[in-house]
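work_34.txt follows; it contains compact mmCIF, C-alpha atoms.
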```
# COMPACT_ATOMS: atom_id res chain seq x y z
CA MET A 1 22.94 3.19 14.77
CA GLY A 2 21.01 6.46 15.00
CA ASN A 3 20.11 6.38 11.31
CA GLU A 4 18.87 2.79 11.56
CA ARG A 5 16.74 3.60 14.62
CA GLU A 6 15.35 6.67 12.86
CA LYS A 7 14.52 4.61 9.76
CA SER A 8 12.83 1.97 11.96
CA LEU A 9 10.62 4.60 13.60
CA LEU A 10 9.71 6.09 10.22
CA THR A 11 8.90 2.63 8.87
CA LYS A 12 6.66 1.90 11.85
CA LEU A 13 4.82 5.18 11.38
CA PHE A 14 4.41 5.25 7.62
CA THR A 15 3.66 1.55 7.16
CA ASN A 16 0.40 2.46 8.89
CA CYS A 17 -0.57 4.12 5.61
CA ALA A 18 -1.48 0.67 4.36
CA HIS A 19 -3.29 -0.63 7.43
CA PRO A 20 -3.62 1.85 10.31
CA ARG A 21 -3.53 0.16 13.71
CA GLY A 22 -3.51 1.35 17.31
CA ALA A 23 -2.34 4.75 18.50
CA THR A 24 0.17 5.07 15.65
CA GLY A 25 -2.58 4.28 13.16
CA CYS A 26 -4.85 6.95 14.64
CA LEU A 27 -2.05 9.48 14.27
CA MET A 28 -1.50 8.43 10.66
CA LEU A 29 -5.23 8.77 9.88
CA ALA A 30 -5.23 12.34 11.17
CA MET A 31 -2.13 13.06 9.06
CA MET A 32 -3.73 11.52 5.96
CA ASN A 33 -6.97 13.49 6.39
CA PHE A 34 -4.91 16.66 6.35
CA GLY A 35 -2.09 15.68 4.01
CA HIS A 36 -4.21 14.19 1.23
CA ALA A 37 -6.50 17.21 0.99
CA PRO A 38 -4.63 19.13 -1.76
CA LEU A 39 -4.33 16.08 -4.02
CA THR A 40 -7.94 15.06 -3.41
CA ASN A 41 -9.43 18.49 -3.99
CA TRP A 42 -7.47 18.89 -7.22
CA GLY A 43 -8.10 15.34 -8.45
CA LEU A 44 -11.84 15.42 -7.84
CA GLY A 45 -11.92 18.52 -10.02
CA CYS A 46 -10.88 16.34 -12.96
CA ILE A 47 -14.05 14.23 -12.66
CA PRO A 48 -17.24 15.28 -14.52
CA PHE A 49 -19.58 14.88 -11.56
CA ARG A 50 -23.35 14.69 -11.84
CA ASP A 51 -25.93 15.08 -9.10
CA GLY A 52 -27.49 12.11 -7.39
CA TRP A 53 -24.62 9.70 -7.89
CA THR A 54 -23.95 6.61 -5.80
CA ILE A 55 -20.22 6.68 -5.03
CA LEU A 56 -17.68 4.34 -3.45
CA ASP A 57 -14.34 5.44 -1.99
CA VAL A 58 -12.00 2.45 -1.67
CA GLY A 59 -9.42 2.82 1.08
CA CYS A 60 -11.44 5.62 2.66
CA GLY A 61 -8.97 6.10 5.51
CA GLY A 62 -10.07 8.81 7.93
CA GLY A 63 -13.20 9.65 5.95
CA ARG A 64 -12.60 13.21 4.75
CA THR A 65 -12.78 12.20 1.10
CA LEU A 66 -16.34 11.01 1.71
CA GLN A 67 -17.27 14.55 2.73
CA ARG A 68 -15.57 16.00 -0.32
CA LEU A 69 -17.44 13.59 -2.60
CA LEU A 70 -20.77 14.66 -1.09
CA GLY A 71 -19.88 18.24 -1.89
CA ARG A 72 -19.31 17.42 -5.57
CA SER A 73 -22.60 15.60 -6.27
CA LYS A 74 -25.80 17.09 -4.89
CA GLY A 75 -27.97 14.42 -3.31
CA ALA A 76 -25.24 11.78 -3.61
CA VAL A 77 -25.00 8.67 -1.47
CA VAL A 78 -21.42 7.83 -0.59
CA HIS A 79 -19.94 4.55 0.61
CA GLY A 80 -16.49 4.07 2.10
CA ILE A 81 -14.58 0.86 2.63
CA ASP A 82 -11.23 0.23 4.28
CA ILE A 83 -9.27 -2.82 5.40
CA SER A 84 -8.46 -1.18 8.75
CA ASP A 85 -10.85 -1.23 11.69
CA GLU A 86 -9.22 1.97 12.94
CA SER A 87 -9.97 3.66 9.61
CA VAL A 88 -13.58 2.52 9.63
CA ALA A 89 -14.09 3.85 13.15
CA LYS A 90 -12.48 7.19 12.28
CA ALA A 91 -14.45 7.57 9.03
CA LYS A 92 -17.69 6.86 10.85
CA LYS A 93 -16.87 9.44 13.51
CA VAL A 94 -15.94 12.10 10.96
CA ASN A 95 -19.19 11.49 9.04
CA ALA A 96 -21.44 10.84 12.05
CA ALA A 97 -24.04 13.45 11.07
CA LEU A 98 -24.94 11.64 7.82
CA LEU A 99 -24.01 8.09 8.77
CA GLY A 100 -26.70 5.61 7.78
CA THR A 101 -28.53 8.06 5.53
CA ARG A 102 -26.12 9.41 2.91
CA VAL A 103 -22.85 7.97 4.18
CA PHE A 104 -22.14 4.28 4.73
CA VAL A 105 -18.80 2.91 5.92
CA ARG A 106 -17.68 -0.69 6.32
CA GLN A 107 -14.60 -2.85 6.69
CA GLY A 108 -13.39 -4.83 3.69
CA THR A 109 -10.74 -5.33 1.06
CA ALA A 110 -10.34 -4.01 -2.46
CA ALA A 111 -9.77 -7.56 -3.66
CA GLU A 112 -13.26 -8.69 -2.58
CA LEU A 113 -15.67 -5.77 -2.51
CA PRO A 114 -18.89 -6.63 -0.62
CA TYR A 115 -21.20 -4.88 -3.10
CA ALA A 116 -23.46 -6.10 -5.88
CA ASP A 117 -22.51 -5.83 -9.54
CA GLY A 118 -23.28 -2.48 -11.15
CA THR A 119 -23.90 -0.55 -7.91
CA PHE A 120 -21.87 2.65 -8.34
CA ASP A 121 -21.70 5.61 -10.72
CA LEU A 122 -18.20 6.46 -9.49
CA VAL A 123 -15.46 4.62 -7.61
CA THR A 124 -12.48 6.55 -6.24
CA ALA A 125 -9.14 5.38 -4.87
CA VAL A 126 -6.99 8.08 -3.26
CA GLU A 127 -3.37 7.21 -2.43
CA THR A 128 -4.20 3.53 -1.96
CA VAL A 129 -3.46 1.46 -5.08
CA TYR A 130 0.18 1.16 -3.95
CA PHE A 131 -0.98 -1.24 -1.24
CA TRP A 132 -3.43 -3.46 -3.12
CA PRO A 133 -2.28 -7.10 -2.94
CA SER A 134 -3.16 -7.96 -6.54
CA LEU A 135 -3.72 -4.99 -8.81
CA PRO A 136 -5.40 -6.95 -11.65
CA GLN A 137 -7.82 -8.64 -9.24
CA CYS A 138 -8.66 -5.36 -7.51
CA LEU A 139 -9.21 -3.55 -10.81
CA GLY A 140 -11.57 -6.34 -11.80
CA GLU A 141 -13.54 -5.68 -8.62
CA MET A 142 -13.71 -1.93 -9.35
CA LYS A 143 -15.05 -2.70 -12.80
CA ARG A 144 -17.56 -5.22 -11.47
CA VAL A 145 -19.22 -2.86 -8.98
CA LEU A 146 -19.46 0.04 -11.45
CA LYS A 147 -22.56 0.67 -13.50
CA PRO A 148 -22.16 0.60 -17.30
CA SER A 149 -20.38 3.85 -18.27
CA GLY A 150 -19.46 4.40 -14.61
CA LEU A 151 -16.14 6.08 -13.78
CA PHE A 152 -13.15 4.90 -11.81
CA ALA A 153 -10.69 7.55 -10.58
CA ILE A 154 -7.25 6.83 -9.14
CA LEU A 155 -5.53 9.76 -7.43
CA ILE A 156 -1.83 9.40 -6.65
CA GLU A 157 1.34 11.26 -5.93
CA VAL A 158 3.79 9.93 -8.49
CA THR A 159 6.52 7.92 -6.77
CA SER A 160 9.54 6.19 -8.29
CA ALA A 161 10.83 2.78 -7.26
CA ASP A 162 13.84 4.34 -5.50
CA SER A 163 11.79 6.98 -3.65
CA VAL A 164 12.31 7.51 0.07
CA TRP A 165 8.69 6.39 0.56
CA THR A 166 9.34 2.93 -0.87
CA ARG A 167 12.26 2.59 1.58
CA VAL A 168 10.25 3.44 4.69
CA VAL A 169 6.78 2.08 3.81
CA GLU A 170 6.69 -1.70 3.80
CA GLY A 171 4.52 -3.40 1.18
CA MET A 172 4.31 -0.36 -1.09
CA THR A 173 4.43 -0.88 -4.87
CA PRO A 174 4.87 2.34 -6.85
CA TYR A 175 3.09 2.75 -10.19
CA SER A 176 3.53 5.46 -12.78
CA PRO A 177 0.38 6.96 -14.32
CA GLU A 178 1.31 5.25 -17.58
CA GLN A 179 1.58 1.86 -15.86
CA LEU A 180 -1.81 2.33 -14.25
CA LYS A 181 -3.32 3.32 -17.60
CA GLU A 182 -1.96 0.12 -19.10
CA HIS A 183 -3.35 -1.97 -16.24
CA LEU A 184 -6.75 -0.32 -16.55
CA GLU A 185 -6.94 -0.94 -20.28
CA HIS A 186 -5.89 -4.55 -19.77
CA ALA A 187 -8.71 -4.90 -17.20
CA GLY A 188 -11.20 -3.77 -19.83
CA PHE A 189 -11.67 -0.11 -18.92
CA ARG A 190 -12.11 2.41 -21.73
CA ASP A 191 -11.41 6.12 -22.31
CA VAL A 192 -8.50 6.09 -19.85
CA SER A 193 -7.09 9.59 -19.36
CA ILE A 194 -4.15 10.89 -17.35
CA HIS A 195 -4.31 14.31 -15.70
CA ARG A 196 -1.24 15.86 -14.08
CA LYS A 197 -0.45 18.73 -11.78
CA LYS A 198 3.16 19.60 -11.08
CA PRO A 199 5.22 18.48 -9.38
CA THR A 200 3.78 15.03 -8.60
CA TYR A 201 -0.04 14.89 -8.58
CA ALA A 202 -1.79 12.61 -11.05
CA ALA A 203 -5.39 11.52 -11.63
CA ILE A 204 -6.08 8.52 -13.84
CA ILE A 205 -9.73 8.32 -14.85
CA ALA A 206 -11.31 5.41 -16.70
CA ARG A 207 -14.76 4.38 -17.82
CA ARG A 208 -16.42 1.00 -17.57
CA PRO A 209 -17.85 -0.04 -20.97
```
Mind turning this structure into structure tokens?
Amino acid sequence: MGNEREKSLLTKLFTNCAHPRGATGCLMLAMMNFGHAPLTNWGLGCIPFRDGWTILDVGCGGGRTLQRLLGRSKGAVVHGIDISDESVAKAKKVNAALLGTRVFVRQGTAAELPYADGTFDLVTAVETVYFWPSLPQCLGEMKRVLKPSGLFAILIEVTSADSVWTRVVEGMTPYSPEQLKEHLEHAGFRDVSIHRKKPTYAAIIARRP
């Protein structure tokens, strides 16, 4: 009984990774802002940034990645989008000093991005593709909003199908870097490369033709 109750509490907490809600969601956002930092800082180092880019972070969560993106591209304008109202509120608060000038945050889904074709030089997705409802449709949206030769970067911690995370996080679909590379190529992306850092970090970077 104790193990089942413990698993239920863990499931309630970590399922908020996908769609943070309420007080538990706020706690999870704070944990993600801190916990995702090592992966994000390493993964962004794999991207050949240029100054003045227009960037989108899909599944922006608590908003710290938006700050890190600004630090990589001088004069950049960064947009964040997340399905969770709690995430949008947190990301706006974290980036309040530049909100409406160089940082823009809104609610929305990866399956239907509310941006015009060819808007962004770079799109990033940090620890979020596991929760996208239809990976092919979402990848099509990433490709659509990128400029020609724009880059799409997926940053993940490699998780197997029998991982503890898939047992406590509802709605999570694990992908290997190789599977994501295959999906990206099928979606029409080019020059797909896989970067790894032991033990589990991976960055998959692709270019729109």
Discussion item. Between CA of Leu122 in chain A and CA of Gln67 in chain A, what is the distance in Å, rounded to a tenth?
Written reply: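 Result for CA of Leu122 in chain A versus CA of Gln67 in chain A: 14.7 Å, one decimal.
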Practice prompt. Find the residue from A:Leu151, A:Val88, A:Ile156, A:Leu56 that sits nearest to Gln107 in chain A; use only C-alpha atoms when measuring.
Written response: A:Val88
Worksheet entry | Distance criterion (all atoms listed in the file): nearest to Phe104 in chain A out of A:Gly45, A:Pro174, A:Pro133, A:Gly63 |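 Smallest separation from Phe104 in chain A among the options: A:Gly63.
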Practice prompt. Record the distance separating CA of Thr124 in chain A and CA of Cys60 in chain A, expressed in Å with one decimal.
Written response: 9.0 Å
Item to complete: Compile the contact shell of Ala153 in chain A as a ChimeraX atom specification: residues with an atom at most 9 Å away, counting all atoms listed in the file, same-chain residues fewer than 3 positions apart removed.
Response: /A:43-44,47,122-126,203-207
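With only C-alpha atoms as the atoms that count, the residue of A:Leu66, A:Ala116, A:Val58, A:Val77 with the shortest distance to Val129 in chain A is A:Val58.
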Worksheet item: Taking into account only C-alpha atoms, which residue in the set A:Arg50, A:Arg208, A:Lys74, A:Lys181 is nearest to Met142 in chain A?
Response: A:Arg208
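Between CA of Lys143 in chain A and CA of Glu182 in chain A there is a distance of 14.8 Å.
Candidate residues A:Pro114, A:Gly71, A:Gly59, A:Gly150 were compared for distance to Ser87 in chain A, and the nearest is A:Gly59, using only C-alpha atoms.
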Practice prompt. Kindly indicate which residue among A:Glu127, A:Glu178, A:Asp121, A:Glu157 lies nearest to Phe49 in chain A, using all atoms listed in the file for the distances.
Written response: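 Of all the options, A:Asp121 lies closest to Phe49 in chain A.
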Worksheet item: Any idea what's packed within 9 Å of Glu112 in chain A, counting all atoms listed in the file, ignoring anything in its chain fewer than 3 positions away? Could you give it as a PyMOL selection string?
Response: chain A and resi 108-109+115+137-138+141
